[in-house]
file target-v1.cif (mmCIF, C-alpha atoms)
data_start
loop_
_atom_site.label_atom_id
_atom_site.label_comp_id
_atom_site.auth_asym_id
_atom_site.auth_seq_id
_atom_site.Cartn_x
_atom_site.Cartn_y
_atom_site.Cartn_z
CA MET U 214 22.78 12.94 -5.00
CA LYS U 215 22.77 16.50 -3.63
CA ILE U 216 20.66 15.38 -0.67
CA PHE U 217 23.09 12.53 -0.04
CA MET U 218 26.13 14.81 -0.17
CA ARG U 219 24.57 17.34 2.22
CA ALA U 220 23.51 14.66 4.68
CA LEU U 221 26.85 12.92 4.56
CA ALA U 222 28.77 16.18 4.86
CA PHE U 223 26.76 17.05 7.98
CA CYS U 224 27.60 13.69 9.53
CA VAL U 225 31.24 13.38 8.58
CA PHE U 226 33.13 15.50 11.09
CA CYS U 227 35.50 14.91 14.06
CA VAL U 228 39.27 14.88 14.34
CA GLY U 229 41.75 12.20 15.32
CA TYR U 230 44.17 9.87 13.66
CA CYS U 231 45.06 6.18 13.77
CA ASN U 232 48.45 4.74 12.88
CA GLN U 233 48.06 1.58 10.84
CA ALA U 234 49.44 0.32 7.55
CA PHE U 235 46.95 -0.54 4.84
CA SER U 236 47.23 -2.17 1.44
CA ILE U 237 45.56 0.25 -0.96
CA GLU U 238 44.03 -0.87 -4.25
CA ILE U 239 43.81 1.22 -7.41
CA LEU U 240 40.36 1.33 -9.00
CA ALA U 241 40.52 2.69 -12.53
CA HIS U 242 37.44 4.88 -12.96
CA ARG U 243 35.95 3.83 -16.33
CA GLY U 244 39.49 2.69 -17.11
CA ALA U 245 42.19 5.29 -17.60
CA SER U 246 39.43 7.68 -18.59
CA GLY U 247 41.43 10.85 -18.02
CA GLU U 248 43.61 9.97 -20.99
CA TYR U 249 41.53 7.63 -23.16
CA PRO U 250 37.85 7.32 -24.16
CA GLN U 251 35.98 6.10 -21.12
CA SER U 252 34.97 2.46 -20.72
CA THR U 253 36.55 1.34 -24.00
CA ARG U 254 38.96 -1.56 -24.41
CA LEU U 255 41.74 1.00 -24.85
CA ALA U 256 40.93 2.76 -21.56
CA PHE U 257 40.79 -0.55 -19.71
CA ASP U 258 43.97 -1.91 -21.32
CA ARG U 259 45.91 1.23 -20.48
CA ALA U 260 44.59 1.25 -16.91
CA LEU U 261 45.97 -2.22 -16.30
CA GLU U 262 49.28 -1.27 -17.91
CA GLN U 263 49.47 1.70 -15.53
CA GLY U 264 49.07 -0.50 -12.47
CA ALA U 265 45.33 -0.60 -11.81
CA ASP U 266 44.15 -3.48 -9.63
CA ILE U 267 40.44 -3.17 -10.37
CA LEU U 268 38.51 -1.89 -13.37
CA GLU U 269 35.60 0.35 -12.33
CA LEU U 270 32.62 0.61 -14.67
CA ASP U 271 28.90 1.37 -14.92
CA VAL U 272 26.28 -0.74 -16.64
CA HIS U 273 22.93 -0.31 -18.41
CA LEU U 274 20.62 -2.61 -20.38
CA SER U 275 20.22 -2.36 -24.13
CA LYS U 276 16.82 -2.69 -25.77
CA ASP U 277 17.52 -6.37 -26.36
CA TYR U 278 18.79 -6.97 -22.79
CA PHE U 279 22.55 -6.98 -23.16
CA VAL U 280 24.55 -5.48 -20.29
CA ILE U 281 26.27 -2.43 -21.82
CA ILE U 282 29.20 -0.64 -20.19
CA ASN U 283 28.77 3.13 -20.15
CA HIS U 284 28.59 5.83 -17.50
CA ASP U 285 25.48 7.68 -18.67
CA SER U 286 22.13 6.38 -19.81
CA ASP U 287 22.52 8.39 -23.04
CA LEU U 288 25.47 8.58 -25.41
CA LYS U 289 25.96 12.32 -25.76
CA ASP U 290 29.27 12.67 -23.92
CA ASN U 291 31.20 9.92 -25.66
CA VAL U 292 29.41 9.12 -28.94
CA GLY U 293 27.83 12.53 -29.53
CA ILE U 294 24.21 11.41 -29.91
CA SER U 295 21.29 11.89 -27.54
CA GLU U 296 19.82 8.40 -27.85
CA LYS U 297 19.56 6.29 -24.73
CA ILE U 298 21.14 2.87 -24.43
CA ALA U 299 17.79 1.40 -23.39
CA ASP U 300 16.31 2.42 -26.76
CA LEU U 301 19.01 0.80 -28.90
CA THR U 302 19.81 -2.82 -29.73
CA LEU U 303 23.30 -4.22 -29.34
CA GLY U 304 23.66 -4.23 -33.12
CA GLU U 305 22.85 -0.54 -33.27
CA ILE U 306 25.15 0.24 -30.36
CA LYS U 307 28.06 -1.56 -32.02
CA THR U 308 27.89 0.77 -35.03
CA LEU U 309 28.66 3.80 -32.84
CA ASP U 310 32.07 5.42 -32.35
CA ALA U 311 32.85 5.37 -28.61
CA GLY U 312 35.88 7.62 -29.13
CA HIS U 313 34.04 10.28 -31.11
CA GLU U 314 33.77 12.99 -28.45
CA PHE U 315 36.99 12.43 -26.53
CA THR U 316 39.35 15.41 -26.55
CA LEU U 317 42.34 16.45 -24.50
CA ASP U 318 42.55 20.03 -25.79
CA ASN U 319 39.05 21.43 -25.34
CA GLY U 320 37.82 20.34 -28.74
CA ASN U 321 40.72 21.39 -30.92
CA SER U 322 41.33 17.76 -31.81
CA TYR U 323 39.61 14.39 -31.42
CA PRO U 324 42.43 11.83 -31.66
CA PHE U 325 40.31 8.72 -31.15
CA ARG U 326 37.63 9.30 -33.78
CA GLY U 327 37.43 6.52 -36.32
CA GLN U 328 39.79 4.25 -34.39
CA GLY U 329 37.29 1.39 -34.11
CA LEU U 330 36.45 1.92 -30.44
CA THR U 331 32.99 0.66 -29.52
CA LEU U 332 30.94 0.36 -26.39
CA LEU U 333 31.53 -2.99 -24.70
CA THR U 334 29.19 -5.56 -23.28
CA LEU U 335 29.99 -7.02 -19.88
CA ASN U 336 30.42 -10.39 -21.60
CA GLU U 337 33.16 -8.91 -23.78
CA LEU U 338 34.89 -7.39 -20.76
CA PHE U 339 34.94 -10.70 -18.87
CA GLU U 340 36.23 -12.50 -21.94
CA ARG U 341 38.97 -9.93 -22.47
CA TYR U 342 40.14 -10.00 -18.83
CA PRO U 343 39.23 -13.44 -17.43
CA ASP U 344 41.62 -13.00 -14.50
CA GLY U 345 40.65 -9.39 -13.82
CA TYR U 346 38.84 -7.77 -10.91
CA PHE U 347 35.90 -5.44 -11.42
CA ASN U 348 33.82 -2.86 -9.58
CA ILE U 349 30.48 -2.72 -11.41
CA GLU U 350 27.89 -0.04 -10.66
CA ILE U 351 24.25 -0.68 -11.50
CA LYS U 352 23.45 2.78 -12.80
CA PRO U 353 19.64 2.75 -13.25
CA ASN U 354 17.31 1.62 -10.46
CA ASP U 355 16.27 -1.40 -12.48
CA LYS U 356 15.56 -4.88 -11.10
CA THR U 357 15.78 -6.39 -14.59
CA LEU U 358 19.33 -5.09 -14.91
CA SER U 359 20.14 -6.59 -11.51
CA GLU U 360 18.85 -9.95 -12.73
CA THR U 361 20.74 -9.83 -16.02
CA LEU U 362 23.94 -8.66 -14.34
CA TRP U 363 23.80 -11.52 -11.86
CA GLN U 364 23.26 -14.01 -14.67
CA VAL U 365 26.31 -12.76 -16.58
CA ILE U 366 28.47 -12.84 -13.45
CA ALA U 367 27.33 -16.39 -12.67
CA ASP U 368 27.73 -17.58 -16.27
CA TYR U 369 31.38 -16.44 -16.29
CA ARG U 370 31.98 -17.59 -12.69
CA MET U 371 33.13 -14.15 -11.70
CA GLU U 372 31.53 -14.14 -8.24
CA GLN U 373 34.88 -13.80 -6.45
CA GLN U 374 36.26 -11.20 -8.83
CA VAL U 375 33.46 -8.65 -8.73
CA THR U 376 32.14 -5.98 -6.39
CA VAL U 377 28.70 -4.65 -7.30
CA ALA U 378 27.71 -1.09 -6.43
CA SER U 379 24.52 0.93 -6.78
CA GLN U 380 23.18 4.14 -5.33
CA HIS U 381 19.69 2.68 -5.49
CA SER U 382 18.10 0.54 -2.77
CA LYS U 383 15.69 -1.36 -5.04
CA ALA U 384 18.31 -2.48 -7.54
CA MET U 385 20.81 -3.40 -4.83
CA LYS U 386 18.34 -5.27 -2.64
CA HIS U 387 17.26 -7.34 -5.63
CA PHE U 388 20.85 -8.11 -6.63
CA ARG U 389 21.73 -9.20 -3.09
CA GLU U 390 18.72 -11.48 -2.95
CA LEU U 391 19.63 -13.08 -6.28
CA SER U 392 23.35 -13.49 -5.53
CA GLY U 393 22.82 -14.74 -1.99
CA GLY U 394 26.00 -13.20 -0.62
CA GLN U 395 28.25 -14.73 -3.28
CA VAL U 396 29.31 -11.28 -4.55
CA ARG U 397 30.69 -8.37 -2.55
CA THR U 398 28.47 -5.29 -2.62
CA SER U 399 28.95 -1.66 -1.66
CA ALA U 400 26.62 0.61 0.29
CA THR U 401 23.71 2.41 -1.29
CA ILE U 402 23.09 6.11 -0.63
CA GLY U 403 20.47 5.23 1.95
CA GLU U 404 22.82 2.87 3.76
CA LEU U 405 25.60 5.46 3.85
CA ILE U 406 23.28 8.07 5.30
CA GLU U 407 22.10 5.59 7.92
CA ALA U 408 25.69 4.71 8.81
CA SER U 409 26.74 8.37 8.97
CA LEU U 410 23.88 9.31 11.25
CA ALA U 411 24.63 6.40 13.56
CA TRP U 412 28.31 7.28 13.75
CA SER U 413 27.93 11.03 14.20
CA THR U 414 25.26 10.73 16.90
CA GLY U 415 27.18 8.22 19.02
CA PHE U 416 25.21 5.14 18.01
CA GLY U 417 27.84 3.72 15.67
CA TRP U 418 28.26 0.73 17.99
CA ALA U 419 24.74 -0.38 17.10
CA PHE U 420 25.09 -0.07 13.34
CA GLN U 421 25.22 -3.41 11.52
CA PRO U 422 26.29 -3.02 7.88
CA LYS U 423 24.72 -5.15 5.16
CA PHE U 424 27.47 -4.22 2.73
CA ASP U 425 31.14 -5.09 2.25
CA VAL U 426 32.44 -1.78 0.90
CA ALA U 427 31.70 1.89 1.59
CA GLN U 428 32.54 4.02 -1.44
CA LEU U 429 32.79 7.60 -0.21
CA PRO U 430 33.36 11.02 -1.78
CA TYR U 431 36.90 12.23 -1.19
CA SER U 432 36.03 15.78 -0.19
CA ILE U 433 34.16 15.00 3.03
CA THR U 434 35.95 11.90 4.29
CA THR U 435 38.05 11.92 7.46
CA LYS U 436 40.30 9.31 9.06
CA PRO U 437 37.94 8.64 12.01
CA TYR U 438 35.11 8.01 9.56
CA VAL U 439 37.27 5.62 7.56
CA ARG U 440 38.18 3.72 10.73
CA PHE U 441 34.52 3.53 11.77
CA PHE U 442 33.77 1.42 8.72
CA GLN U 443 36.97 -0.60 8.85
CA LYS U 444 36.32 -1.60 12.46
CA LYS U 445 32.98 -2.97 11.21
CA GLY U 446 34.83 -5.11 8.68
CA VAL U 447 33.87 -2.80 5.80
CA ALA U 448 36.45 -1.70 3.22
CA VAL U 449 36.57 1.99 2.26
CA ASP U 450 37.14 3.33 -1.26
CA LEU U 451 37.33 7.05 -2.09
CA TRP U 452 36.06 8.65 -5.32
CA THR U 453 36.93 10.36 -7.60
CA VAL U 454 40.54 11.21 -6.73
CA ASN U 455 42.65 12.72 -9.52
CA ASN U 456 44.68 15.55 -7.99
CA GLU U 457 48.11 14.39 -6.80
CA ASP U 458 47.77 16.15 -3.43
CA HIS U 459 44.38 14.50 -2.94
CA ILE U 460 45.85 11.11 -3.81
CA GLU U 461 48.55 11.60 -1.18
CA ARG U 462 45.97 12.60 1.42
CA SER U 463 43.84 9.57 0.53
CA ILE U 464 46.83 7.34 1.20
CA SER U 465 47.38 9.03 4.57
CA LEU U 466 43.74 8.32 5.50
CA GLY U 467 44.46 4.60 5.34
CA VAL U 468 41.68 3.78 2.88
CA ASP U 469 41.42 0.41 1.16
CA GLY U 470 40.99 1.73 -2.37
CA ILE U 471 41.34 4.90 -4.42
CA ILE U 472 39.08 5.44 -7.44
CA GLY U 473 40.46 7.75 -10.11
CA ASP U 474 40.64 8.62 -13.79
CA TYR U 475 44.45 8.48 -13.77
CA PRO U 476 45.51 5.13 -12.31
CA GLY U 477 49.13 5.84 -13.19
CA ARG U 478 49.16 8.83 -10.83
CA ILE U 479 47.80 6.72 -8.01
CA TYR U 480 50.36 4.00 -8.70
CA ARG U 481 53.26 6.46 -8.60
CA ALA U 482 51.99 7.98 -5.35
CA LEU U 483 51.74 4.52 -3.79
CA VAL U 484 55.29 3.74 -4.88
CA ASP U 485 56.48 7.00 -3.31
CA ALA U 486 54.61 6.13 -0.11
CA GLY U 487 56.21 2.69 0.02
CA GLU U 488 52.88 0.95 -0.62
CA ARG U 489 54.06 -0.68 -3.88
#
call {"tool": "encode", "arguments": {"input": "target-v1.cif", "output": "structure tokens"}}
result
Amino acid sequence: MKIFMRALAFCVFCVGYCNQAFSIEILAHRGASGEYPQSTRLAFDRALEQGADILELDVHLSKDYFVIINHDSDLKDNVGISEKIADLTLGEIKTLDAGHEFTLDNGNSYPFRGQGLTLLTLNELFERYPDGYFNIEIKPNDKTLSETLWQVIADYRMEQQVTVASQHSKAMKHFRELSGGQVRTSATIGELIEASLAWSTGFGWAFQPKFDVAQLPYSITTKPYVRFFQKKGVAVDLWTVNNEDHIERSISLGVDGIIGDYPGRIYRALVDAGER
């Protein structure tokens, strides 16, 4: 990731502005994870109540091949144990308290302990929000996860309601082959570096994207770079945008989506900007 950030930061420069109105979507990063335990039903419910358009989440495979929603491969940050998802069965995972480590006051209190919050499977998420829209990141570089993810998406007929992301070329290439273009995908790290080099060296005209969405870090994104992708027919989402000033700047860049832990903040900023 550090190599990616350095390479992209080197490429993303230039000045200039374009005047165009855009409809900007709110992507709730692991749900409303700034206020509720990440990736739980509570975080996702609250995100939708706060105006989120899309639920953003990360997935891993359990030992018995269920698609589990969690940011990290281990459970230290939210459950408080060091075990990895890949080493646990779904039955074992469901005994764990997904709100155990969440605190809003630096550990003085843990208001969501013992509240019955568990890690979710992707099946459960689709069943809970059958009309929802989802941005799903394949976290490990695992072809088996790509296969299982595609099967769940197809089983629930969610092809038109899902965007699949991954930093990893192997996992993404395999998913694209399996899904045959039926699901929108975002750029891998390698594809973003390739695009950035083409754009910054004057060969952007020759770049042909194989992805539908470019999900970019807020801190190094400029309006000309956003427009480069959009002129190629590629949507642009920025991550992870939580500061209110940064949200306002993201809106001014004319991006297609803003990914953040506080979807309510993004919603209010869009209302103030006349976008909602």
call {"tool": "residues_around", "arguments": {"input": "target-v1.cif", "residues": "segment 242-245 of chain U", "least_positions_apart": "3", "cutoff": "12 Å", "atoms": "only C-alpha atoms", "output": "ChimeraX atom specification"}}
result
/U:239,248-272,282-285,332-333,338,347-350,450-455,470-479
call {"tool": "closest_residue", "arguments": {"input": "target-v1.cif", "among": "U:Asn336, U:Thr361, U:Ser465, U:Gln374", "to": "Leu391 of chain U", "atoms": "all atoms listed in the file"}}
result
U:Thr361
call {"tool": "residues_around", "arguments": {"input": "target-v1.cif", "residues": "Gly293 of chain U", "least_positions_apart": "6", "cutoff": "10 Å", "atoms": "all atoms listed in the file", "output": "PyMOL selection string"}}
result
chain U and resi 287+309-315
call {"tool": "resolve_selection", "arguments": {"input": "target-v1.cif", "expression": "the PyMOL selection byres ((chain U and resi 384) around 8)", "output": "ChimeraX atom specification"}}
result
/U:351,353-356,358-359,379,381-383,385-388
call {"tool": "write_last_selection", "arguments": {"input": "target-v1.cif", "atoms": "C-alpha atoms", "output": "PDB file, in the frame of the given file"}}
result
ATOM      1  CA  ILE U 351      24.250  -0.680 -11.500  1.00  0.00           C
ATOM      2  CA  PRO U 353      19.640   2.750 -13.250  1.00  0.00           C
ATOM      3  CA  ASN U 354      17.310   1.620 -10.460  1.00  0.00           C
ATOM      4  CA  ASP U 355      16.270  -1.400 -12.480  1.00  0.00           C
ATOM      5  CA  LYS U 356      15.560  -4.880 -11.100  1.00  0.00           C
ATOM      6  CA  LEU U 358      19.330  -5.090 -14.910  1.00  0.00           C
ATOM      7  CA  SER U 359      20.140  -6.590 -11.510  1.00  0.00           C
ATOM      8  CA  SER U 379      24.520   0.930  -6.780  1.00  0.00           C
ATOM      9  CA  HIS U 381      19.690   2.680  -5.490  1.00  0.00           C
ATOM     10  CA  SER U 382      18.100   0.540  -2.770  1.00  0.00           C
ATOM     11  CA  LYS U 383      15.690  -1.360  -5.040  1.00  0.00           C
ATOM     12  CA  MET U 385      20.810  -3.400  -4.830  1.00  0.00           C
ATOM     13  CA  LYS U 386      18.340  -5.270  -2.640  1.00  0.00           C
ATOM     14  CA  HIS U 387      17.260  -7.340  -5.630  1.00  0.00           C
ATOM     15  CA  PHE U 388      20.850  -8.110  -6.630  1.00  0.00           C
TER      16      PHE U 388
END
call {"tool": "atom_distance", "arguments": {"input": "target-v1.cif", "atom1": "atom CA of Ile464 of chain U", "atom2": "atom CA of Phe442 of chain U"}}
result
16.2 Å
call {"tool": "closest_residue", "arguments": {"input": "target-v1.cif", "among": "U:Asp469, U:Asp290, U:Glu305, U:Glu238", "to": "Val439 of chain U", "atoms": "all atoms listed in the file"}}
result
U:Asp469
call {"tool": "atom_distance", "arguments": {"input": "target-v1.cif", "atom1": "atom CA of Ser399 of chain U", "atom2": "atom CA of Pro422 of chain U"}}
result
10.0 Å
call {"tool": "resolve_selection", "arguments": {"input": "target-v1.cif", "expression": "the PyMOL selection byres ((chain U and resi 427-434) around 10)", "output": "count of residues only"}}
result
45
call {"tool": "residues_around", "arguments": {"input": "target-v1.cif", "residues": "segment 296-299 of chain U", "least_positions_apart": "5", "cutoff": "8 Å", "atoms": "only C-alpha atoms", "output": "JSON, numbers by chain"}}
result
{"U": [273, 274, 275, 276, 281, 286, 287, 288, 289, 306]}
call {"tool": "atom_distance", "arguments": {"input": "target-v1.cif", "atom1": "atom CA of Glu372 of chain U", "atom2": "atom CA of Glu488 of chain U"}}
result
27.2 Å
call {"tool": "closest_residue", "arguments": {"input": "target-v1.cif", "among": "U:Arg326, U:Glu390, U:Asp318, U:Thr331", "to": "Leu303 of chain U", "atoms": "only C-alpha atoms"}}
result
U:Thr331
call {"tool": "axis_aligned_box", "arguments": {"input": "target-v1.cif", "around": "segment 300-318 of chain U", "padding_each_side": "3 Å", "output": "lines of an AutoDock Vina configuration file"}}
result
center_x = 29.4
center_y = 7.9
center_z = -29.8
size_x = 32.2
size_y = 30.3
size_z = 16.5
